[in-house]
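Q: Take this structure first; my questions come after.
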Amino acid sequence: MAKRDYYEVLGADRGASADELKKAYRKKAKELHPDRNSDNPNAESQFKEANEAYEVLKDADKKAAYDRYGHAAFEGGMGGRGQHPGGGNGDFSSAFSDVFEDLFGDFMGGGGQRGGRQRATRGSDLRYNLRISLEDAFAGMQKAITVPTSIVCSGCDGTGAEGGAEPQTCPTCSGMGKVRAQQGFFTVERTCPTCSGIGQIIKNPCRTCGGSGREEKERGLSVNIPAGVETGTRIRLSGEGEAGLRGGPSGDLYIFIEVNEHELFQRDGVDLYCRVPVSMATAAIGGDVEVPTIDGGRSRVKVPSGSQSGRQMRLRAKGMPALRGAGTGDMFIELAVETPVNLTGKQKELLREFEKLSEENNPLLNNFFSKVKSFWEDMKN
Ligand SMILES: [Zn+2]
Ligand SMILES: [Zn+2]
């Protein structure tokens with residue numbers, strides 16, 4: 001019998017998105033669910049057909065191959081075992097358990113246990129929040145951290161069996177993890193009581209870990225924080241997460257960086273901003289100010305005469321380094337001209353004299369004052 005087109009099987013268009021394919025598949029799976037089709041002898045094969053179609057179309061690589069070559073993409077010796085999509089042993093219950101997981105896995109928080117046999121399981125990814133200072137983000141650092149995690153049991157090398165012996169296939173369920181029982185007219189399937197669904201048993205559980213293959217440990221790690229990280233940067237330490245179960249691979253450890261606010265510098269990407277107070281006299285007649293820099297040093301900045309408050313100046317390459325790249329940002333300084341307070345009598349006297357001279361000296365200002373004066377006089381009239 002010729003195979004039906006996978007899109008046709010799912011009742012989806014060729015151009016359907018991944019979401020649309022998933023929806024179409026869910027609909028089919030519900031329609032063909034064995035519980036609803038006790039009187040439809042074709043339901044089982046249609047159900048398997050839909051399952052097979054979705055197995056291919058949900059996988060971007062397989063889908064691309066199918067779109068290009070059709071069913072021929074998966075026929076013939078393209079690498080032997082497991083190439084047949086939706087393959088496995090063709091057993092109805094195992095096909096169903098895959099569907100079940102796919103249909104409901106989302107609602108159960110995913111990562112559910114496969115219904116059938118269950119062997120090595122990858123360990124969980126771990127998250128570690130690390131707060132660092134802006135100075136550390138600037139320079140990069142080597143940071144020692146302690147991660148509470150589980151590691152592969154040293155007593156059994158992760159197998160869970162005393163002395164590292166291989167676990168054995170469960171004799172009750174022959175490794176399926178499930179047993180079937182006849183109840184009246186129905187056959188019911190339930191989790192194997194001997195192995196709790198794992199499909200394997202351990203004759204002599206490891207004394208160190210009780211058979212789980214993992215030990216709880218605080219683990220010290222040295223993390224390389226590259227220069228230029230910012231809040232939200234994630235650093236992945238491959239294989240440093242939780243140990244896998246029964247010899248499965250370890251998860252990854254993700255370091256989430258949070259950079260503390262800095263007293264003096266505000267950061268915008270690779271640039272830094274800093275407000276620098278200057279005296280009224282320096283702003284007026286010009287001069288030098290010293291500004292702190294993020295590398296811990298100081299830079300002298302020339303303040304041009306007649307600088308107003310808010311004037312911005314750029315110090316090239318005094319900002320933050322770009323993460324994993326060439327280049328450094330700039331530092332922008334903003335002058336904050338300070339009005340003097342708590343003046344002595346002498347200072348006040350000098351300022352009054354200064355003011356008088358300014359008025360005489362500054363035709364623009366005089367012009368402005370006379371305008372204001374005539375404005376008020378006009379208002380009175
Ligand atoms: Zn052990
Ligand atoms: Zn069993």
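Residue numbering restarts at 1 in every chain; chains get A, B, ... in the order shown in the structure tokens, and ligands count up from 1 in that same order.
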Quick one: residues within 8 Å of ligand 2, with only C-alpha atoms and all ligand atoms, as a list in words?
A: Thr169, Cys170, Pro171, Thr172, Cys173, Ser174, Gly175, Met176, Gly177, Lys178, Val179, Thr191, Cys192, Pro193, Thr194, Cys195, Ser196, Gly197, Ile198, Gly199, Gln200 and Ile201 of chain A
Q: With all heavy atoms retained, export the selected residues as a compact mmCIF listing (two decimals), in the first residue's frame.
A:
# COMPACT_ATOMS: atom_id res chain seq x y z
N THR A 169 17.47 -6.00 33.49
CA THR A 169 16.13 -5.79 32.98
C THR A 169 15.12 -6.37 33.98
O THR A 169 15.31 -7.47 34.49
CB THR A 169 15.97 -6.49 31.63
OG1 THR A 169 16.97 -5.97 30.75
CG2 THR A 169 14.60 -6.25 31.03
N CYS A 170 14.09 -5.59 34.25
CA CYS A 170 13.09 -6.01 35.23
C CYS A 170 12.36 -7.27 34.75
O CYS A 170 11.84 -7.29 33.64
CB CYS A 170 12.09 -4.88 35.44
SG CYS A 170 10.67 -5.34 36.44
N PRO A 171 12.36 -8.31 35.56
CA PRO A 171 11.74 -9.56 35.11
C PRO A 171 10.20 -9.47 35.06
O PRO A 171 9.56 -10.17 34.28
CB PRO A 171 12.18 -10.57 36.17
CG PRO A 171 12.51 -9.76 37.38
CD PRO A 171 12.96 -8.41 36.90
N THR A 172 9.62 -8.60 35.84
CA THR A 172 8.15 -8.52 35.87
C THR A 172 7.59 -7.96 34.57
O THR A 172 6.61 -8.44 34.03
CB THR A 172 7.71 -7.64 37.06
OG1 THR A 172 8.37 -8.08 38.22
CG2 THR A 172 6.21 -7.70 37.26
N CYS A 173 8.22 -6.90 34.07
CA CYS A 173 7.67 -6.22 32.89
C CYS A 173 8.56 -6.38 31.66
O CYS A 173 8.31 -5.78 30.63
CB CYS A 173 7.49 -4.73 33.20
SG CYS A 173 9.05 -3.91 33.56
N SER A 174 9.58 -7.14 31.77
CA SER A 174 10.57 -7.33 30.69
C SER A 174 11.12 -6.01 30.18
O SER A 174 11.38 -5.84 28.99
CB SER A 174 9.96 -8.08 29.50
OG SER A 174 9.21 -9.17 29.94
N GLY A 175 11.23 -5.05 31.06
CA GLY A 175 11.85 -3.79 30.67
C GLY A 175 10.87 -2.76 30.14
O GLY A 175 11.27 -1.63 29.86
N MET A 176 9.62 -3.10 30.01
CA MET A 176 8.65 -2.14 29.47
C MET A 176 8.26 -1.07 30.50
O MET A 176 7.77 0.00 30.14
CB MET A 176 7.36 -2.86 29.04
CG MET A 176 7.51 -3.74 27.81
SD MET A 176 8.10 -2.81 26.39
CE MET A 176 6.71 -1.71 26.17
N GLY A 177 8.40 -1.37 31.76
CA GLY A 177 8.00 -0.40 32.78
C GLY A 177 6.52 -0.45 33.09
O GLY A 177 6.05 0.24 33.98
N LYS A 178 5.81 -1.23 32.30
CA LYS A 178 4.36 -1.32 32.51
C LYS A 178 3.94 -2.77 32.46
O LYS A 178 4.56 -3.57 31.77
CB LYS A 178 3.63 -0.56 31.40
CG LYS A 178 3.96 0.89 31.42
CD LYS A 178 2.89 1.71 30.79
CE LYS A 178 3.07 3.15 31.24
NZ LYS A 178 2.13 4.02 30.63
N VAL A 179 2.89 -3.07 33.17
CA VAL A 179 2.33 -4.42 33.08
C VAL A 179 0.87 -4.32 32.67
O VAL A 179 0.21 -3.31 32.93
CB VAL A 179 2.45 -5.18 34.43
CG1 VAL A 179 3.88 -5.56 34.69
CG2 VAL A 179 1.89 -4.35 35.58
N THR A 191 1.67 0.96 35.81
CA THR A 191 3.10 1.02 36.08
C THR A 191 3.55 -0.26 36.78
O THR A 191 2.88 -0.73 37.69
CB THR A 191 3.40 2.24 36.96
OG1 THR A 191 2.90 3.39 36.30
CG2 THR A 191 4.88 2.40 37.19
N CYS A 192 4.67 -0.75 36.33
CA CYS A 192 5.18 -2.00 36.90
C CYS A 192 5.49 -1.81 38.39
O CYS A 192 6.22 -0.88 38.77
CB CYS A 192 6.45 -2.42 36.15
SG CYS A 192 7.31 -3.80 36.93
N PRO A 193 4.95 -2.66 39.24
CA PRO A 193 5.18 -2.50 40.68
C PRO A 193 6.59 -2.88 41.10
O PRO A 193 7.09 -2.41 42.13
CB PRO A 193 4.15 -3.45 41.31
CG PRO A 193 3.89 -4.48 40.25
CD PRO A 193 4.08 -3.80 38.92
N THR A 194 7.26 -3.68 40.30
CA THR A 194 8.59 -4.14 40.71
C THR A 194 9.65 -3.05 40.51
O THR A 194 10.50 -2.83 41.35
CB THR A 194 9.00 -5.39 39.89
OG1 THR A 194 7.94 -6.34 39.98
CG2 THR A 194 10.28 -5.99 40.42
N CYS A 195 9.56 -2.38 39.34
CA CYS A 195 10.62 -1.42 39.00
C CYS A 195 10.12 0.02 39.01
O CYS A 195 10.88 0.93 38.65
CB CYS A 195 11.21 -1.76 37.63
SG CYS A 195 9.99 -1.60 36.32
N SER A 196 8.87 0.25 39.38
CA SER A 196 8.27 1.59 39.40
C SER A 196 8.36 2.28 38.04
O SER A 196 8.52 3.49 37.96
CB SER A 196 8.92 2.49 40.45
OG SER A 196 8.95 1.82 41.68
N GLY A 197 8.29 1.49 36.99
CA GLY A 197 8.23 2.09 35.65
C GLY A 197 9.58 2.32 35.01
O GLY A 197 9.66 2.77 33.87
N ILE A 198 10.63 2.00 35.73
CA ILE A 198 11.97 2.28 35.19
C ILE A 198 12.39 1.21 34.18
O ILE A 198 13.12 1.47 33.23
CB ILE A 198 13.00 2.40 36.35
CG1 ILE A 198 12.72 3.68 37.13
CG2 ILE A 198 14.42 2.40 35.84
CD1 ILE A 198 13.40 3.76 38.45
N GLY A 199 11.90 0.00 34.34
CA GLY A 199 12.20 -1.05 33.37
C GLY A 199 13.45 -1.84 33.75
O GLY A 199 13.78 -2.82 33.11
N GLN A 200 14.15 -1.35 34.76
CA GLN A 200 15.36 -2.04 35.19
C GLN A 200 15.34 -2.17 36.70
O GLN A 200 14.76 -1.33 37.39
CB GLN A 200 16.60 -1.24 34.79
CG GLN A 200 16.75 -1.16 33.28
CD GLN A 200 17.98 -0.36 32.91
OE1 GLN A 200 18.29 0.64 33.54
NE2 GLN A 200 18.67 -0.82 31.89
N ILE A 201 15.95 -3.17 37.18
CA ILE A 201 16.07 -3.27 38.63
C ILE A 201 17.54 -3.42 39.00
O ILE A 201 18.37 -3.85 38.19
CB ILE A 201 15.27 -4.46 39.22
CG1 ILE A 201 15.67 -5.76 38.49
CG2 ILE A 201 13.78 -4.23 39.12
CD1 ILE A 201 15.31 -7.00 39.27
Q: Can you tell me which residues surround A:His33 at a distance of at most 9 Å, considering only C-alpha atoms, apart from same-chain residues fewer than 5 positions away, and format the answer as an MDAnalysis selection string?
A: chainID A and resid 28 43:44 47 96
Q: Neighbouring residues of ligand 1 are defined here as those with any atom at most 10 Å from a ligand atom, counting only C-alpha atoms and all ligand atoms; list them as a PyMOL selection string.
A: chain A and resi 152-164+205-215+246
Q: Write out as a list in words all residues of stretch 149-287 of chain A that backbone DSSP assigns to helix (DSSP H, G or I).
A: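 Helix (DSSP H, G or I) assignments inside stretch 149-287 of chain A correspond to Glu162, Gly163, Gly164, Met280, Ala281, Thr282, Ala283, Ala284 and Ile285 of chain A.
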Q: If we count only C-alpha atoms, what is near A:Ala283 at a cut-off of 8 Å, once residues fewer than 6 positions away on the same chain are taken out, given as a VMD selection string?
A: chain A and resid 303 to 308 337
Q: Could you write those residues out with all heavy atoms, as a PDB file, in the first residue's frame?
A:
ATOM      1  N   VAL A 303      38.574  71.928  31.044  1.00  0.00           N
ATOM      2  CA  VAL A 303      37.263  72.562  30.993  1.00  0.00           C
ATOM      3  C   VAL A 303      37.433  73.881  30.243  1.00  0.00           C
ATOM      4  O   VAL A 303      38.174  74.754  30.689  1.00  0.00           O
ATOM      5  CB  VAL A 303      36.733  72.828  32.419  1.00  0.00           C
ATOM      6  CG1 VAL A 303      35.397  73.551  32.362  1.00  0.00           C
ATOM      7  CG2 VAL A 303      36.619  71.524  33.180  1.00  0.00           C
ATOM      8  N   PRO A 304      36.812  74.029  29.093  1.00  0.00           N
ATOM      9  CA  PRO A 304      36.977  75.270  28.335  1.00  0.00           C
ATOM     10  C   PRO A 304      36.330  76.439  29.079  1.00  0.00           C
ATOM     11  O   PRO A 304      35.361  76.238  29.813  1.00  0.00           O
ATOM     12  CB  PRO A 304      36.220  75.002  27.020  1.00  0.00           C
ATOM     13  CG  PRO A 304      35.913  73.552  27.015  1.00  0.00           C
ATOM     14  CD  PRO A 304      35.903  73.084  28.430  1.00  0.00           C
ATOM     15  N   SER A 305      36.872  77.619  28.904  1.00  0.00           N
ATOM     16  CA  SER A 305      36.283  78.773  29.583  1.00  0.00           C
ATOM     17  C   SER A 305      34.870  78.986  29.055  1.00  0.00           C
ATOM     18  O   SER A 305      34.563  78.702  27.895  1.00  0.00           O
ATOM     19  CB  SER A 305      37.147  80.017  29.357  1.00  0.00           C
ATOM     20  OG  SER A 305      37.173  80.329  27.981  1.00  0.00           O
ATOM     21  N   GLY A 306      34.021  79.457  29.942  1.00  0.00           N
ATOM     22  CA  GLY A 306      32.634  79.722  29.542  1.00  0.00           C
ATOM     23  C   GLY A 306      31.788  78.469  29.442  1.00  0.00           C
ATOM     24  O   GLY A 306      30.769  78.448  28.746  1.00  0.00           O
ATOM     25  N   SER A 307      32.202  77.394  30.124  1.00  0.00           N
ATOM     26  CA  SER A 307      31.403  76.161  30.086  1.00  0.00           C
ATOM     27  C   SER A 307      30.130  76.319  30.902  1.00  0.00           C
ATOM     28  O   SER A 307      30.165  76.806  32.023  1.00  0.00           O
ATOM     29  CB  SER A 307      32.208  74.985  30.649  1.00  0.00           C
ATOM     30  OG  SER A 307      33.232  74.626  29.764  1.00  0.00           O
ATOM     31  N   GLN A 308      29.019  75.901  30.332  1.00  0.00           N
ATOM     32  CA  GLN A 308      27.754  75.936  31.061  1.00  0.00           C
ATOM     33  C   GLN A 308      27.530  74.605  31.762  1.00  0.00           C
ATOM     34  O   GLN A 308      28.073  73.575  31.360  1.00  0.00           O
ATOM     35  CB  GLN A 308      26.595  76.205  30.084  1.00  0.00           C
ATOM     36  CG  GLN A 308      26.732  77.477  29.281  1.00  0.00           C
ATOM     37  CD  GLN A 308      26.676  78.730  30.145  1.00  0.00           C
ATOM     38  OE1 GLN A 308      25.916  78.774  31.118  1.00  0.00           O
ATOM     39  NE2 GLN A 308      27.475  79.736  29.821  1.00  0.00           N
ATOM     40  N   VAL A 337      28.019  72.632  37.118  1.00  0.00           N
ATOM     41  CA  VAL A 337      28.619  73.846  37.685  1.00  0.00           C
ATOM     42  C   VAL A 337      27.962  74.134  39.034  1.00  0.00           C
ATOM     43  O   VAL A 337      26.748  74.153  39.144  1.00  0.00           O
ATOM     44  CB  VAL A 337      28.436  75.045  36.736  1.00  0.00           C
ATOM     45  CG1 VAL A 337      29.008  76.322  37.367  1.00  0.00           C
ATOM     46  CG2 VAL A 337      29.109  74.761  35.393  1.00  0.00           C
TER      47      VAL A 337
END
Q: I want to know what sits within 8 Å of stretch 127-140 of chain A, based on only C-alpha atoms, with residues of the same chain fewer than 4 positions away left out; could you give that as a VMD selection string?
A: chain A and resid 147 224 to 230 253 to 262 294 to 295 320 to 321
Q: Can I get the selected residues back with N, CA, C and O atoms, as a PDB file, in the first residue's frame?
A:
ATOM      1  N   VAL A 147      28.332  25.536  44.282  1.00  0.00           N
ATOM      2  CA  VAL A 147      27.035  25.184  43.729  1.00  0.00           C
ATOM      3  C   VAL A 147      26.514  23.940  44.429  1.00  0.00           C
ATOM      4  O   VAL A 147      27.180  22.905  44.424  1.00  0.00           O
ATOM      5  N   ASN A 224      35.041  31.714  34.963  1.00  0.00           N
ATOM      6  CA  ASN A 224      35.703  32.820  34.291  1.00  0.00           C
ATOM      7  C   ASN A 224      34.650  33.811  33.798  1.00  0.00           C
ATOM      8  O   ASN A 224      33.857  33.493  32.925  1.00  0.00           O
ATOM      9  N   ILE A 225      34.634  35.006  34.413  1.00  0.00           N
ATOM     10  CA  ILE A 225      33.678  36.024  33.991  1.00  0.00           C
ATOM     11  C   ILE A 225      34.401  36.943  33.019  1.00  0.00           C
ATOM     12  O   ILE A 225      35.320  37.663  33.411  1.00  0.00           O
ATOM     13  N   PRO A 226      34.052  36.925  31.750  1.00  0.00           N
ATOM     14  CA  PRO A 226      34.799  37.742  30.791  1.00  0.00           C
ATOM     15  C   PRO A 226      34.505  39.233  30.972  1.00  0.00           C
ATOM     16  O   PRO A 226      33.431  39.599  31.449  1.00  0.00           O
ATOM     17  N   ALA A 227      35.470  40.057  30.624  1.00  0.00           N
ATOM     18  CA  ALA A 227      35.279  41.502  30.705  1.00  0.00           C
ATOM     19  C   ALA A 227      34.142  41.911  29.777  1.00  0.00           C
ATOM     20  O   ALA A 227      34.009  41.368  28.685  1.00  0.00           O
ATOM     21  N   GLY A 228      33.339  42.844  30.245  1.00  0.00           N
ATOM     22  CA  GLY A 228      32.277  43.377  29.395  1.00  0.00           C
ATOM     23  C   GLY A 228      30.899  42.795  29.661  1.00  0.00           C
ATOM     24  O   GLY A 228      29.938  43.184  29.017  1.00  0.00           O
ATOM     25  N   VAL A 229      30.783  41.876  30.607  1.00  0.00           N
ATOM     26  CA  VAL A 229      29.460  41.312  30.887  1.00  0.00           C
ATOM     27  C   VAL A 229      28.538  42.398  31.421  1.00  0.00           C
ATOM     28  O   VAL A 229      28.989  43.414  31.947  1.00  0.00           O
ATOM     29  N   GLU A 230      27.249  42.195  31.240  1.00  0.00           N
ATOM     30  CA  GLU A 230      26.288  43.131  31.819  1.00  0.00           C
ATOM     31  C   GLU A 230      25.132  42.353  32.421  1.00  0.00           C
ATOM     32  O   GLU A 230      25.067  41.137  32.296  1.00  0.00           O
ATOM     33  N   LEU A 253      25.194  24.251  33.665  1.00  0.00           N
ATOM     34  CA  LEU A 253      25.051  25.276  34.703  1.00  0.00           C
ATOM     35  C   LEU A 253      25.047  26.634  34.025  1.00  0.00           C
ATOM     36  O   LEU A 253      25.925  26.932  33.217  1.00  0.00           O
ATOM     37  N   TYR A 254      24.041  27.427  34.321  1.00  0.00           N
ATOM     38  CA  TYR A 254      23.957  28.766  33.748  1.00  0.00           C
ATOM     39  C   TYR A 254      24.237  29.804  34.833  1.00  0.00           C
ATOM     40  O   TYR A 254      23.563  29.816  35.855  1.00  0.00           O
ATOM     41  N   ILE A 255      25.223  30.617  34.609  1.00  0.00           N
ATOM     42  CA  ILE A 255      25.502  31.718  35.522  1.00  0.00           C
ATOM     43  C   ILE A 255      24.776  32.947  34.967  1.00  0.00           C
ATOM     44  O   ILE A 255      25.047  33.378  33.846  1.00  0.00           O
ATOM     45  N   PHE A 256      23.856  33.490  35.736  1.00  0.00           N
ATOM     46  CA  PHE A 256      23.137  34.706  35.346  1.00  0.00           C
ATOM     47  C   PHE A 256      23.819  35.889  36.029  1.00  0.00           C
ATOM     48  O   PHE A 256      23.877  35.931  37.246  1.00  0.00           O
ATOM     49  N   ILE A 257      24.312  36.794  35.219  1.00  0.00           N
ATOM     50  CA  ILE A 257      25.063  37.930  35.772  1.00  0.00           C
ATOM     51  C   ILE A 257      24.124  39.085  36.100  1.00  0.00           C
ATOM     52  O   ILE A 257      23.210  39.402  35.330  1.00  0.00           O
ATOM     53  N   GLU A 258      24.363  39.685  37.255  1.00  0.00           N
ATOM     54  CA  GLU A 258      23.700  40.942  37.557  1.00  0.00           C
ATOM     55  C   GLU A 258      24.771  41.925  38.025  1.00  0.00           C
ATOM     56  O   GLU A 258      25.496  41.634  38.971  1.00  0.00           O
ATOM     57  N   VAL A 259      24.869  43.025  37.319  1.00  0.00           N
ATOM     58  CA  VAL A 259      25.892  44.013  37.659  1.00  0.00           C
ATOM     59  C   VAL A 259      25.254  45.080  38.545  1.00  0.00           C
ATOM     60  O   VAL A 259      24.222  45.659  38.197  1.00  0.00           O
ATOM     61  N   ASN A 260      25.874  45.317  39.689  1.00  0.00           N
ATOM     62  CA  ASN A 260      25.349  46.311  40.630  1.00  0.00           C
ATOM     63  C   ASN A 260      25.411  47.717  40.052  1.00  0.00           C
ATOM     64  O   ASN A 260      26.294  48.032  39.248  1.00  0.00           O
ATOM     65  N   GLU A 261      24.476  48.554  40.505  1.00  0.00           N
ATOM     66  CA  GLU A 261      24.534  49.974  40.163  1.00  0.00           C
ATOM     67  C   GLU A 261      25.832  50.550  40.736  1.00  0.00           C
ATOM     68  O   GLU A 261      26.285  50.124  41.791  1.00  0.00           O
ATOM     69  N   HIS A 262      26.385  51.517  40.042  1.00  0.00           N
ATOM     70  CA  HIS A 262      27.624  52.135  40.528  1.00  0.00           C
ATOM     71  C   HIS A 262      27.325  53.532  41.057  1.00  0.00           C
ATOM     72  O   HIS A 262      26.424  54.208  40.577  1.00  0.00           O
ATOM     73  N   ILE A 294      36.869  54.179  35.338  1.00  0.00           N
ATOM     74  CA  ILE A 294      36.412  52.873  35.815  1.00  0.00           C
ATOM     75  C   ILE A 294      37.574  51.919  36.055  1.00  0.00           C
ATOM     76  O   ILE A 294      37.473  50.979  36.843  1.00  0.00           O
ATOM     77  N   ASP A 295      38.713  52.182  35.431  1.00  0.00           N
ATOM     78  CA  ASP A 295      39.867  51.298  35.665  1.00  0.00           C
ATOM     79  C   ASP A 295      40.572  51.631  36.973  1.00  0.00           C
ATOM     80  O   ASP A 295      41.611  51.064  37.284  1.00  0.00           O
ATOM     81  N   MET A 320      33.422  50.940  28.837  1.00  0.00           N
ATOM     82  CA  MET A 320      33.482  49.503  29.116  1.00  0.00           C
ATOM     83  C   MET A 320      33.977  48.754  27.873  1.00  0.00           C
ATOM     84  O   MET A 320      33.716  49.167  26.754  1.00  0.00           O
ATOM     85  N   PRO A 321      34.638  47.622  28.092  1.00  0.00           N
ATOM     86  CA  PRO A 321      35.037  46.796  26.949  1.00  0.00           C
ATOM     87  C   PRO A 321      33.806  46.091  26.376  1.00  0.00           C
ATOM     88  O   PRO A 321      32.875  45.785  27.112  1.00  0.00           O
TER      89      PRO A 321
END
Q: Just want the 6 Å neighbourhood of A:Ala120, counted on only C-alpha atoms, with same-chain residues fewer than 5 positions away dropped. Output as a ChimeraX atom specification.
A: /A:245-248
Q: In Å, rounded to a single decimal, give me how far atom CA of A:Thr233 is from atom CA of A:Ile145.
A: 17.0 Å
Q: Tell me, in Å to one decimal, how far atom CA of A:Gly310 is from atom CA of A:Arg275.
A: 8.6 Å
Q: Would you list the contacts of A:Leu315 as a PyMOL selection string, taking every protein, DNA or RNA residue within 12 Å and counting only C-alpha atoms, but skipping same-chain residues closer than 6 positions in sequence?
A: chain A and resi 271-274+291-294+298-302+328-334
Q: Tell me, in Å to one decimal, how far atom CA of A:Asp5 is from atom CA of A:Asp67.
A: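 It comes out at 10.3 Å.
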Q: In stretch 260-328 of chain A, what's strand (DSSP E) per DSSP? Answer as a list in words?
A: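 The strand (DSSP E) subset of stretch 260-328 of chain A is Gln266, Arg267, Asp268, Asp271, Leu272, Tyr273, Cys274, Arg275, Val276, Pro277, Val278, Ser279, Gly287, Asp288, Val289, Glu290, Val291, Pro292, Arg298, Ser299, Arg300, Val301, Lys302, Val303, Gln312, Met313, Arg314 and Leu315 of chain A.
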